[in-house]
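Enquirer: Structure provided below as structure tokens; questions to follow.
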Amino acid sequence: MSDEYPSLLRSERMSLVQLFVPTEVAHDTVHELGELGDVQFKDLNPSVNPFQRSFVGEIRRIDDMARRTRFFDAQIEKEKDVVPVRPLYECAPLLTVGPRSAQTVDELDTTLSQYESKLTTLNESYQTLSERTRELTEARHVLRETAVFFDKAHTQTSNIRSSFDDSATPLLTSHDDREGGYSAGSFDLEFVAGTIERSRVPTFERVLWRVLRGNLYMNHTDIAEPFIDPSTNAETRKNVFIIFAHGDVVLAKIRKVAESMGATIFPIDANADKRADALREVENRLEDLQTVLYNTGIGRRSELVKIGESLRVWQDVVKKEKLIYETLNLFNYDVRRKTLIAEAWVPTRDLTKIQLALRHATEESGTSVPPILHELQTSKTPPTFHRTNKFTEGFQAIMDSYGISAYQEINPGLFAITTFPFLFAVMFGDIGHGFIILIAAVYMILREKAMAKQDNGEIIGQFFYGRYIILMMGLFSIYTGFLYNDLFSKTLHLFHSGWTFPDNSTRGVYTGHTYPFGLDPAWHGATNALVFTNSYKMKMSIVLGVIHMTFALCLQVPNHFRFKRKSDIYTNFIPQMLFLQSIFGYLVLCILYKWSVDWTKSPVSPPSLLNMLITMFLEPGKVDPEKQLYPGQGFVQMVLLGIAGVCVPWLLISKPYLAWREMHKTTGAGYVTLGNGEETAIARHSTDETLEGEEEGNGRAIAEGDEEHEGHDFGDVVIHQIIHTIEFCLGCISHTASYLRLWALSLAHAQLSEVLWSMTLDGRTDPKSIGGWIGLGIMGFMWLNLTIGILCLMEGLSAFLHALRLHWVEGNSKHFEGGGYPFAPLSFAGEGKEA
Amino acid sequence: MEALFLTCIDNGFLEGIVRGYKSGILTQSQYANLTQCETLEDFRTQLSATDYGGFLANESLPLSTSTIQEKATQILVDQFNYLRGNAVEPLNKFLEYITYSYMIDNIILLITGTLHERDTHELLERCHPLGVFESMPALCVATTVEELYQSVLVETPLAPYFRDCLSANDLDDLNIEIIRSTVYKAYLEDFHSFCGTLGQPTQDVMQRTLAFEADRRTINITVNSFNTELSKEQRAKLFPTIGRLWPEGNNQLAKADDIDQVRAACETVSEYRTFFNDAGVSSSSAHGNGGIDDLAAASMLEDRFFRMEVFLNKQAFLQQFQYGVFFSYVKLKEQEIRNLTWIAECIAQDAKDRIQDFIPIF
């Protein structure tokens, strides 16, 4: 069985294997298995603290390396001009396996730390330089601004002192219009000048005002350009301020406040010439500094460019190494024997592949001791692993998001590949809309490689992930569109209609020729078109629904066989099937029969099937001859109702009864319920002993974490079966009704698309004037947008959700067991995607 | 019921958030793991498995205890700011009240630092980030209380609390301590009455917590004022007028001369009775060396107060639809940071025998 071709019908057969890996090849083995991505390791030291495990030292070292690569990444990101980072697939790979692997990692470690220290020193010098530049720039600004201020004061001969009593008003504006008796140049006032962060200016002013008891003469102006901190890239905006005051104490106080508020104070001379000198000097120094700064920046940049060339490889290596050592930490480490013992789940049919990989790893590492792999017998439930490809992946994901199916259970994901798009298309049926989403899917599939590489964002990424689902949905929608004969709410006249309208009469005359495929276009625009399509789509929904449910019910059978529960066929499957078919299967037959009868030639009018179903329950055995569908109907319905009636207690009682009898038999034979658990315990114990011979007391490797054994409690069986019966019988009715959503959504979709057409394009398709053409252009644009936005995207999503529900609830409730856990193999590829 | 729904509309989200934060508080077993660490690197590895996650991942080695404390505090501050950013009145006001105690601490820190002529920037760095306010740096300028109030504090929300202590003129160590106590007393009383306006569940929970806080301060002031210049009248003035010891316990404490009298005063409250059990024994056994012994008793007392605080704050989480959880979360987290710092400090200084002396929370 294990050699069979991989199918989606059941999850892969898994084996629990034990690996004995010599320490020398452990790293390479895990690396090889990680590349293979097919092995799920079990944690053999669940009780050990993370930092007490064997390979903590290595992990710590790698964490430090990872921190360095992150540091480089951040540095590159921060660089104003984009530093080219060579993508991973263009870089030469760094070999971390083989005999030289340890050396490679050591080298990488030193390279990384070298670069880091180099970069840090460069950053530091860059920072000090830019710090000094900033200071000088600030000084320049202060000098300039104060110069402006002094110049103004000189020319306008303003009176500063007279403003003391009114310091709360902005002085800059008020001093302009004051004429004072003080002559220019009589500045015997002392002052403090400097720069301060703009956001702090109001607080600064307030505090000063209070500290100086209102005697504040302060002037400040904005510095236009922001200062950028090179290490954080944060922008700060600053203001130049100048404060005049008298007396040493007050000045000291101002200085102290200014310093505590984070201001920088510059010594400025009151003398204009000296100020000019200072400004010149500052300018010169600034120029020099800027040259140095520029050179440092260039040096730093070239360093970053060098790093950027191989950064991605380093990150890749670091990530892989970390994963490897984390995996190694799951292993059982036997210090004396220098071997690592691992346990892992692998797909049984890949065992040879894994063996090959192990051998390859041994060869690569250049040692002669290969890791030993052997299969273990276990009673533990293996993980569920569906081997998917890019086509089936999406469909499987739909089903997995409902629940992971039990190990080796029939996988509903396989059938979803056709049922899902089909049920979607029943609701979405329109050739045009189907074509639009088909094109979208085809586009995504054609650009698959390119799109897979780039980051598509969350929404586009979702669509891209489901591109094959969309493809199938598009194809099926076109098909159902042909069935409904619906193209953007218009019809196609592919064949000759079966109806003629003689002499402009509104009553169609049947020509005796049936439209070969789909809906006859003559129905389009007929007054009773809606009545007809409603009746047709409603009945079709029921027919499809019952078929879908019957099919889902049948999926139980292989499960019962596989899990060796043959009795469930008699106790569950057959009564359920009979119940479903005797009521709803019968309804479907009646629908089909009613369709096949030409009621225009029948003496009686067509009976309502809904009423028929109701009277079948209310008055069993009696059928009004007026409303009779076929002779002998009363008897048939009574028999069917009888069958359905019998099925309920059958379903309710038979399984608990069998369980009770089984229990009785075992207790009667002198066994107690412990039996089963004891047996496995003994079996495990014996494997322990055999192992012990090999590894001297390391049998602990497998004897951990008993899978809890579900006690076969009789009460549980009864309650479970009662719930199951009620759920199934009521479910049959509500689920059948639930399939009417197929009709409802299909109707809504058709109506919406018709309304959209009539509101925008109807009557404009044949423009006569320029205005008409413009109108057509505008309306056509609107129509196209709304068609894509509302009809394809929104309606499509709603139909998608309803199809999802029909699968999850109506379909899966008939057979799905679930409760499995997904196979999560160690894989480098998956890790790479995450980052 | 109506009030309940209204609380939900305004604060349901934030309460959910804070309860989520609370479940990230380290548990006993996580502490047990942490205490087994050999180095600070182990400590980091161990912490990365908790809700702290990779908060230290980008720190270069070697780690220092202060970095750990700083980063952990930063997490608390970020969480708090998130809560505050999303809060509406009156929760907003409530959260602001929580910051006041940190502001008081910062002010006192700055004044003391300035008094001892420490570097201003160093002082500013040591301030608790939750209690930072705009004009705080200017505190360094002031030399008298009057000036302090007039130049800086008048515009902060703390201004009313300082009004009572303007009489103290000189800034010396004792006066600063008196100022701290007076201001804190005013703050506690104000917070207490504010919680009274918030209606039932909050009032209940918060006033219980604040009452304990007040009692703790009262007892601490009493114990610390033995053998100092502080007169008994002055001492009585510093006691908050809330709490379970108030009024008769406070009166007794105001007159107390040694730890035994303190214990006698606390007898009335059953929960506080146990605090003094061992302390009393040890002080009577070694009576000759009273000063040092009182010190030991006080530190033991402090420890028990912390335990009690943690207990009360944990209890706040038992009640829904009230603001106490916000207060309690901040306090618990603060305790956790203290614990982490303690453990880290013990690891760094290789004092394994005292590593268990932290106060477990959950």
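Please note that chains go A, B, ... in the order of the structure tokens, that every chain numbers its residues from 1, and that ligands are numbered from 1 in the order shown.
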Select, as a list of chain:residue names, those residues of chain B with any atom no more than 8 Å from chain A (distances computed using only C-alpha atoms).

Expert: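 Those within range of chain A come out as B:Asn33, B:Cys37, B:Asp42, B:Thr45, B:Gln46, B:Ala57, B:Asn58, B:Ser60, B:Thr120, B:His121, B:Glu134, B:Ser135, B:Pro137, B:Ala138, B:Cys140, B:Val141, B:Glu147, B:Gln150, B:Ser151, B:Val152.
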
Enquirer: Export, as a short mmCIF file (atom, residue, chain, number, x, y, z; two decimals), in the first residue's frame, the selected residues with N, CA and C atoms.

Expert:
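The result, stored in again_17.cif:
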data_model
loop_
_atom_site.label_atom_id
_atom_site.label_comp_id
_atom_site.auth_asym_id
_atom_site.auth_seq_id
_atom_site.Cartn_x
_atom_site.Cartn_y
_atom_site.Cartn_z
N ASN B 33 12.13 29.11 36.52
CA ASN B 33 13.10 28.96 35.44
C ASN B 33 14.14 30.07 35.47
N CYS B 37 18.87 30.44 36.12
CA CYS B 37 19.82 30.89 35.11
C CYS B 37 21.19 31.10 35.73
N ASP B 42 21.53 33.54 29.78
CA ASP B 42 20.50 32.54 30.06
C ASP B 42 19.20 33.24 30.39
N THR B 45 17.57 34.41 27.34
CA THR B 45 16.97 33.29 26.60
C THR B 45 15.65 32.88 27.26
N GLN B 46 15.71 32.81 28.57
CA GLN B 46 14.52 32.37 29.32
C GLN B 46 13.39 33.38 29.16
N ALA B 57 16.61 41.34 22.32
CA ALA B 57 17.32 40.65 21.23
C ALA B 57 18.34 41.55 20.55
N ASN B 58 18.07 42.85 20.51
CA ASN B 58 18.97 43.73 19.77
C ASN B 58 20.02 44.38 20.65
N SER B 60 23.52 44.42 22.44
CA SER B 60 24.78 43.71 22.27
C SER B 60 25.28 43.27 23.64
N THR B 120 22.57 67.32 36.17
CA THR B 120 21.15 67.39 35.85
C THR B 120 20.72 66.31 34.86
N HIS B 121 21.55 66.11 33.84
CA HIS B 121 21.14 65.17 32.79
C HIS B 121 21.10 63.74 33.30
N GLU B 134 6.57 68.24 31.04
CA GLU B 134 7.33 69.18 30.20
C GLU B 134 8.34 70.03 30.95
N SER B 135 7.85 70.68 31.97
CA SER B 135 8.72 71.68 32.61
C SER B 135 9.57 71.06 33.70
N PRO B 137 12.49 69.55 33.79
CA PRO B 137 13.91 69.84 33.90
C PRO B 137 14.20 71.12 34.65
N ALA B 138 13.29 72.06 34.58
CA ALA B 138 13.55 73.35 35.20
C ALA B 138 13.57 73.26 36.72
N CYS B 140 15.57 71.87 38.48
CA CYS B 140 16.93 71.93 38.99
C CYS B 140 17.33 73.34 39.41
N VAL B 141 16.62 74.32 38.91
CA VAL B 141 17.01 75.70 39.17
C VAL B 141 16.64 76.13 40.57
N GLU B 147 10.18 79.06 45.47
CA GLU B 147 10.62 79.25 44.09
C GLU B 147 10.20 78.06 43.23
N GLN B 150 6.58 78.40 42.55
CA GLN B 150 6.23 79.51 41.67
C GLN B 150 6.72 79.29 40.24
N SER B 151 7.91 78.71 40.10
CA SER B 151 8.47 78.66 38.75
C SER B 151 8.02 77.44 37.96
N VAL B 152 7.84 76.32 38.61
CA VAL B 152 7.57 75.12 37.83
C VAL B 152 6.24 74.47 38.19
#

Enquirer: Env of segment 286-298 of chain A: 9 Å cut, atoms = only C-alpha atoms, seq-sep filter 5 positions within chain, self excluded. Answer as a list in words.

Expert: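 Once the nearby chain positions are removed, what remains is Leu122, Asn123, Ser125, Tyr126, Leu129, Ser130, Arg132, Thr133, Leu136, Thr137, Arg140, Glu281 and Glu303 of chain A.
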
Enquirer: Can you pull out every residue within 9 Å of Pro90 of chain B, counting only C-alpha atoms, but drop anything in the same chain fewer than 4 positions away, and send it as a list in words?

Expert: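 The residues that qualify are Phe94, Leu95 and Leu198 of chain B.
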
Enquirer: Could those selected residues go to a file with N, CA, C and O atoms, as a PDB file, in the first residue's frame?

Expert:
ATOM      1  N   PHE B  94      -8.358  59.067  35.404  1.00  0.00           N
ATOM      2  CA  PHE B  94      -7.913  58.042  36.344  1.00  0.00           C
ATOM      3  C   PHE B  94      -6.477  57.634  36.037  1.00  0.00           C
ATOM      4  O   PHE B  94      -5.623  57.556  36.925  1.00  0.00           O
ATOM      5  N   LEU B  95      -6.215  57.410  34.751  1.00  0.00           N
ATOM      6  CA  LEU B  95      -4.864  57.009  34.356  1.00  0.00           C
ATOM      7  C   LEU B  95      -3.869  58.131  34.658  1.00  0.00           C
ATOM      8  O   LEU B  95      -2.731  57.892  35.047  1.00  0.00           O
ATOM      9  N   LEU B 198     -16.277  57.957  41.180  1.00  0.00           N
ATOM     10  CA  LEU B 198     -16.387  57.080  40.008  1.00  0.00           C
ATOM     11  C   LEU B 198     -17.475  56.024  40.140  1.00  0.00           C
ATOM     12  O   LEU B 198     -17.649  55.203  39.240  1.00  0.00           O
TER      13      LEU B 198
END

Enquirer: If you count only C-alpha atoms, which residues fall within 9 Å of segment 313-324 of chain B, apart from same-chain ones fewer than 6 positions away, as JSON, numbers by chain?

Expert: {"B": [4, 5, 7, 8, 11, 12, 15, 19, 22, 91, 94, 95, 198, 200, 201, 202, 203, 204, 205, 206, 209, 331, 332, 361, 362]}

Enquirer: If I take atom CA of Asp350 of chain A and atom CA of Asn389 of chain A, how far is one from the other in Å, to one decimal?

Expert: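 Separation of atom CA of Asp350 of chain A and atom CA of Asn389 of chain A: 16.3 Å.
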
Enquirer: Fewer than 5 positions away in the same chain doesn't count, so skip those; otherwise give me all residues within 8 Å of segment 323-329 of chain A, counting only C-alpha atoms, as a ChimeraX atom specification.

Expert: /A:26-27,30-31,34,41,53-56,58-59

Enquirer: Go ahead and write the residues just picked, all heavy atoms, as an mmCIF file, in the first residue's frame.

Expert:
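New file out.cif:
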data_model
loop_
_atom_site.group_PDB
_atom_site.id
_atom_site.type_symbol
_atom_site.label_atom_id
_atom_site.label_comp_id
_atom_site.auth_asym_id
_atom_site.auth_seq_id
_atom_site.Cartn_x
_atom_site.Cartn_y
_atom_site.Cartn_z
ATOM 1 N N ALA A 26 25.685 15.107 12.904
ATOM 2 C CA ALA A 26 24.343 15.568 13.304
ATOM 3 C C ALA A 26 23.953 16.841 12.573
ATOM 4 O O ALA A 26 22.866 16.943 12.000
ATOM 5 C CB ALA A 26 24.312 15.793 14.806
ATOM 6 N N HIS A 27 24.872 17.782 12.584
ATOM 7 C CA HIS A 27 24.566 19.070 11.962
ATOM 8 C C HIS A 27 24.229 18.899 10.484
ATOM 9 O O HIS A 27 23.206 19.386 9.997
ATOM 10 C CB HIS A 27 25.766 19.995 12.142
ATOM 11 C CG HIS A 27 25.626 21.294 11.444
ATOM 12 N ND1 HIS A 27 25.989 21.463 10.141
ATOM 13 C CD2 HIS A 27 25.133 22.472 11.856
ATOM 14 C CE1 HIS A 27 25.736 22.695 9.779
ATOM 15 N NE2 HIS A 27 25.217 23.342 10.800
ATOM 16 N N VAL A 30 20.835 17.083 9.863
ATOM 17 C CA VAL A 30 19.654 17.933 10.031
ATOM 18 C C VAL A 30 19.564 18.928 8.887
ATOM 19 O O VAL A 30 18.476 19.222 8.383
ATOM 20 C CB VAL A 30 19.698 18.637 11.396
ATOM 21 C CG1 VAL A 30 18.538 19.597 11.526
ATOM 22 C CG2 VAL A 30 19.652 17.622 12.504
ATOM 23 N N HIS A 31 20.719 19.424 8.455
ATOM 24 C CA HIS A 31 20.716 20.359 7.338
ATOM 25 C C HIS A 31 20.115 19.703 6.098
ATOM 26 O O HIS A 31 19.251 20.268 5.425
ATOM 27 C CB HIS A 31 22.151 20.808 7.055
ATOM 28 C CG HIS A 31 22.250 21.858 5.999
ATOM 29 N ND1 HIS A 31 22.330 21.555 4.670
ATOM 30 C CD2 HIS A 31 22.240 23.196 6.085
ATOM 31 C CE1 HIS A 31 22.385 22.671 3.979
ATOM 32 N NE2 HIS A 31 22.327 23.689 4.805
ATOM 33 N N GLY A 34 16.506 19.203 6.518
ATOM 34 C CA GLY A 34 15.811 20.480 6.435
ATOM 35 C C GLY A 34 15.623 20.898 4.988
ATOM 36 O O GLY A 34 14.582 21.423 4.603
ATOM 37 N N PHE A 41 10.300 16.394 13.449
ATOM 38 C CA PHE A 41 10.961 15.861 14.633
ATOM 39 C C PHE A 41 10.094 16.054 15.865
ATOM 40 O O PHE A 41 9.362 17.035 15.973
ATOM 41 C CB PHE A 41 12.309 16.558 14.834
ATOM 42 C CG PHE A 41 13.328 16.150 13.827
ATOM 43 C CD1 PHE A 41 13.602 16.963 12.736
ATOM 44 C CD2 PHE A 41 13.989 14.945 13.951
ATOM 45 C CE1 PHE A 41 14.530 16.589 11.795
ATOM 46 C CE2 PHE A 41 14.918 14.557 13.006
ATOM 47 C CZ PHE A 41 15.189 15.374 11.927
ATOM 48 N N ARG A 53 19.323 22.933 27.436
ATOM 49 C CA ARG A 53 19.467 21.937 26.377
ATOM 50 C C ARG A 53 20.884 21.927 25.845
ATOM 51 O O ARG A 53 21.682 22.831 26.127
ATOM 52 C CB ARG A 53 18.465 22.237 25.270
ATOM 53 C CG ARG A 53 17.046 22.120 25.822
ATOM 54 C CD ARG A 53 16.034 22.135 24.738
ATOM 55 N NE ARG A 53 14.725 21.876 25.321
ATOM 56 C CZ ARG A 53 13.734 21.297 24.687
ATOM 57 N NH1 ARG A 53 13.886 20.901 23.457
ATOM 58 N NH2 ARG A 53 12.580 21.107 25.277
ATOM 59 N N SER A 54 21.128 20.921 25.018
ATOM 60 C CA SER A 54 22.520 20.641 24.688
ATOM 61 C C SER A 54 23.179 21.723 23.848
ATOM 62 O O SER A 54 24.362 21.972 23.979
ATOM 63 C CB SER A 54 22.593 19.325 23.923
ATOM 64 O OG SER A 54 21.647 18.429 24.413
ATOM 65 N N PHE A 55 22.428 22.353 22.977
ATOM 66 C CA PHE A 55 23.087 23.218 21.999
ATOM 67 C C PHE A 55 22.802 24.696 22.235
ATOM 68 O O PHE A 55 22.734 25.483 21.315
ATOM 69 C CB PHE A 55 22.677 22.819 20.581
ATOM 70 C CG PHE A 55 23.167 21.448 20.220
ATOM 71 C CD1 PHE A 55 22.364 20.349 20.416
ATOM 72 C CD2 PHE A 55 24.447 21.276 19.731
ATOM 73 C CE1 PHE A 55 22.819 19.093 20.100
ATOM 74 C CE2 PHE A 55 24.906 20.016 19.422
ATOM 75 C CZ PHE A 55 24.100 18.916 19.606
ATOM 76 N N VAL A 56 22.618 25.037 23.506
ATOM 77 C CA VAL A 56 22.298 26.427 23.812
ATOM 78 C C VAL A 56 23.439 27.354 23.422
ATOM 79 O O VAL A 56 23.221 28.437 22.886
ATOM 80 C CB VAL A 56 21.994 26.565 25.306
ATOM 81 C CG1 VAL A 56 21.662 27.987 25.627
ATOM 82 C CG2 VAL A 56 20.837 25.684 25.670
ATOM 83 N N GLU A 58 25.587 27.140 21.018
ATOM 84 C CA GLU A 58 25.580 27.404 19.581
ATOM 85 C C GLU A 58 24.448 28.363 19.223
ATOM 86 O O GLU A 58 24.645 29.306 18.459
ATOM 87 C CB GLU A 58 25.399 26.095 18.800
ATOM 88 C CG GLU A 58 26.651 25.255 18.714
ATOM 89 C CD GLU A 58 26.826 24.360 19.924
ATOM 90 O OE1 GLU A 58 26.105 24.570 20.928
ATOM 91 O OE2 GLU A 58 27.675 23.459 19.885
ATOM 92 N N ILE A 59 23.282 28.093 19.809
ATOM 93 C CA ILE A 59 22.134 28.950 19.484
ATOM 94 C C ILE A 59 22.422 30.380 19.900
ATOM 95 O O ILE A 59 22.119 31.333 19.180
ATOM 96 C CB ILE A 59 20.867 28.417 20.170
ATOM 97 C CG1 ILE A 59 20.409 27.160 19.461
ATOM 98 C CG2 ILE A 59 19.770 29.457 20.171
ATOM 99 C CD1 ILE A 59 19.115 26.613 19.964
#

Enquirer: Output as a ChimeraX atom specification all residues of segment 139-377 of chain A that backbone DSSP marks as strand (DSSP E).

Expert: /A:190-197,217-222,227-228,235-236,238-245,264-266,332-334,339-347,372-376

Enquirer: Output N, CA and C atoms for every residue in the selection just made, as a CSV table (one decimal), in the first residue's frame.

Expert:
chain,number,residue,atom,x,y,z
A,190,GLU,N,23.5,92.4,29.3
A,190,GLU,CA,24.1,91.1,29.0
A,190,GLU,C,23.0,90.2,28.4
A,191,PHE,N,23.4,89.2,27.8
A,191,PHE,CA,22.4,88.3,27.2
A,191,PHE,C,22.9,86.9,27.1
A,192,VAL,N,21.9,86.0,26.9
A,192,VAL,CA,22.2,84.6,26.7
A,192,VAL,C,21.6,84.2,25.4
A,193,ALA,N,22.4,83.6,24.5
A,193,ALA,CA,21.9,83.2,23.2
A,193,ALA,C,22.1,81.7,23.0
A,194,GLY,N,21.3,81.1,22.3
A,194,GLY,CA,21.5,79.6,22.0
A,194,GLY,C,20.4,79.1,21.2
A,195,THR,N,20.3,77.7,21.2
A,195,THR,CA,19.3,77.1,20.4
A,195,THR,C,18.5,76.1,21.3
A,196,ILE,N,17.3,75.9,21.0
A,196,ILE,CA,16.5,75.0,21.8
A,196,ILE,C,15.5,74.3,20.9
A,197,GLU,N,15.0,73.2,21.2
A,197,GLU,CA,14.1,72.4,20.4
A,197,GLU,C,12.8,73.2,20.4
A,217,TYR,N,12.9,89.4,28.7
A,217,TYR,CA,13.0,89.9,27.4
A,217,TYR,C,13.6,88.9,26.5
A,218,MET,N,12.8,88.2,25.8
A,218,MET,CA,13.3,87.0,25.0
A,218,MET,C,12.9,87.2,23.6
A,219,ASN,N,13.7,86.7,22.7
A,219,ASN,CA,13.5,86.8,21.3
A,219,ASN,C,13.8,85.5,20.7
A,220,HIS,N,13.0,84.9,19.9
A,220,HIS,CA,13.4,83.7,19.2
A,220,HIS,C,12.8,83.6,17.8
A,221,THR,N,13.6,82.9,17.0
A,221,THR,CA,13.2,82.7,15.6
A,221,THR,C,13.4,81.3,15.2
A,222,ASP,N,12.7,80.8,14.2
A,222,ASP,CA,12.8,79.4,13.8
A,222,ASP,C,14.0,79.2,12.9
A,227,PHE,N,17.2,69.5,11.9
A,227,PHE,CA,18.4,68.7,12.2
A,227,PHE,C,18.1,67.3,12.2
A,228,ILE,N,18.9,66.5,11.6
A,228,ILE,CA,18.7,65.0,11.5
A,228,ILE,C,19.7,64.3,12.3
A,235,GLU,N,14.0,63.6,13.1
A,235,GLU,CA,14.2,65.0,12.8
A,235,GLU,C,13.9,65.9,14.0
A,236,THR,N,14.7,66.8,14.3
A,236,THR,CA,14.4,67.8,15.3
A,236,THR,C,14.4,69.2,14.7
A,238,LYS,N,14.6,73.3,15.5
A,238,LYS,CA,15.1,74.1,16.6
A,238,LYS,C,14.8,75.5,16.4
A,239,ASN,N,14.9,76.2,17.5
A,239,ASN,CA,14.8,77.7,17.4
A,239,ASN,C,16.0,78.4,18.0
A,240,VAL,N,16.3,79.5,17.5
A,240,VAL,CA,17.3,80.4,18.1
A,240,VAL,C,16.7,81.3,19.1
A,241,PHE,N,17.3,81.4,20.2
A,241,PHE,CA,16.7,82.3,21.2
A,241,PHE,C,17.8,83.3,21.7
A,242,ILE,N,17.4,84.4,22.1
A,242,ILE,CA,18.3,85.3,22.8
A,242,ILE,C,17.5,86.0,23.9
A,243,ILE,N,18.1,86.0,25.1
A,243,ILE,CA,17.4,86.5,26.2
A,243,ILE,C,18.3,87.6,26.8
A,244,PHE,N,17.7,88.7,27.1
A,244,PHE,CA,18.5,89.8,27.7
A,244,PHE,C,18.1,89.9,29.2
A,245,ALA,N,19.1,90.1,29.9
A,245,ALA,CA,18.9,90.2,31.4
A,245,ALA,C,20.0,91.0,32.0
A,264,THR,N,21.2,74.5,23.9
A,264,THR,CA,22.6,74.7,23.8
A,264,THR,C,22.9,76.2,23.8
A,265,ILE,N,23.8,76.6,24.6
A,265,ILE,CA,24.1,78.0,24.8
A,265,ILE,C,25.4,78.3,24.1
A,266,PHE,N,25.4,79.4,23.3
A,266,PHE,CA,26.7,79.8,22.6
A,266,PHE,C,27.1,81.1,23.1
A,332,ASN,N,17.6,13.6,21.8
A,332,ASN,CA,18.2,13.1,23.0
A,332,ASN,C,19.7,12.9,22.9
A,333,TYR,N,20.4,13.5,23.8
A,333,TYR,CA,21.8,13.6,23.6
A,333,TYR,C,22.5,12.6,24.6
A,334,ASP,N,23.1,11.6,24.0
A,334,ASP,CA,23.8,10.7,24.8
A,334,ASP,C,25.3,11.0,24.9
A,339,THR,N,26.3,10.0,20.5
A,339,THR,CA,25.3,10.0,19.4
A,339,THR,C,24.1,10.8,19.9
A,340,LEU,N,23.3,11.2,18.9
A,340,LEU,CA,22.1,11.9,19.2
A,340,LEU,C,21.0,10.9,18.8
A,341,ILE,N,19.9,10.9,19.6
A,341,ILE,CA,18.8,10.0,19.2
A,341,ILE,C,17.6,10.9,18.9
A,342,ALA,N,17.1,10.7,17.8
A,342,ALA,CA,15.9,11.6,17.4
A,342,ALA,C,14.7,10.7,17.0
A,343,GLU,N,13.6,11.3,17.2
A,343,GLU,CA,12.4,10.6,16.8
A,343,GLU,C,11.7,11.5,15.8
A,344,ALA,N,11.1,10.9,14.8
A,344,ALA,CA,10.5,11.8,13.8
A,344,ALA,C,9.4,11.1,13.1
A,345,TRP,N,8.4,11.9,12.6
A,345,TRP,CA,7.4,11.4,11.8
A,345,TRP,C,7.8,11.6,10.3
A,346,VAL,N,7.8,10.6,9.5
A,346,VAL,CA,8.1,10.8,8.1
A,346,VAL,C,7.0,10.0,7.3
A,347,PRO,N,6.7,10.5,6.1
A,347,PRO,CA,5.8,9.8,5.2
A,347,PRO,C,6.5,8.5,4.8
A,372,ILE,N,21.8,6.0,11.7
A,372,ILE,CA,21.0,4.8,11.5
A,372,ILE,C,19.6,5.2,11.7
A,373,LEU,N,18.8,4.7,10.7
A,373,LEU,CA,17.3,5.0,10.8
A,373,LEU,C,16.6,3.7,10.9
A,374,HIS,N,15.7,3.6,11.9
A,374,HIS,CA,14.8,2.4,11.9
A,374,HIS,C,13.4,2.8,12.3
A,375,GLU,N,12.5,2.1,11.8
A,375,GLU,CA,11.1,2.4,12.1
A,375,GLU,C,10.6,1.8,13.4
A,376,LEU,N,9.8,2.6,14.1
A,376,LEU,CA,9.3,2.2,15.4
A,376,LEU,C,7.8,1.8,15.2

Enquirer: For segment 399-410 of chain A, list every protein, DNA or RNA residue within 9 Å, evaluated using only C-alpha atoms, and leave out those in the same chain fewer than 5 positions away; present the list as an MDAnalysis selection string.

Expert: chainID A and resid 8:14 381:385 394 416 555:556 558:559 562:563 804 807:808 815:822

Enquirer: For the structure I just gave you, how does DSSP split segment 545-766 of chain A - specifically, which residues are helix (DSSP H, G or I)? Reply as a PyMOL selection string.

Expert: chain A and resi 545-554+556-562+567-596+609-618+625-627+633-668+675-695+699-701+714-738+740-760

Enquirer: Can you pull out the residues contacting Val262 of chain B? Cut-off 8 Å, using only C-alpha atoms, and skip same-chain residues under 6 positions away; I want them as JSON, numbers by chain.

Expert: {"B": [219, 222, 223, 252, 253, 256]}

Enquirer: Export, as a CSV table (one decimal), in the first residue's frame, the selected residues with C-alpha atoms.

Expert:
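Once written, selection.csv looks like this:
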chain,number,residue,atom,x,y,z
B,219,ILE,CA,3.6,53.1,59.3
B,222,THR,CA,6.4,56.4,61.9
B,223,VAL,CA,9.1,53.7,61.7
B,252,GLN,CA,-1.5,56.1,68.3
B,253,LEU,CA,1.2,55.9,65.7
B,256,ALA,CA,4.7,55.8,69.1

Enquirer: Work out how far atom CA of Gly715 of chain A is from atom CA of Leu580 of chain A, in Å to one decimal.

Expert: 27.3 Å

Enquirer: For a quick check of understanding, using only C-alpha atoms, which of B:Ile68, B:Ile111, B:Leu171, B:Ala211 has the smallest distance to Glu189 of chain B?

Expert: B:Ala211
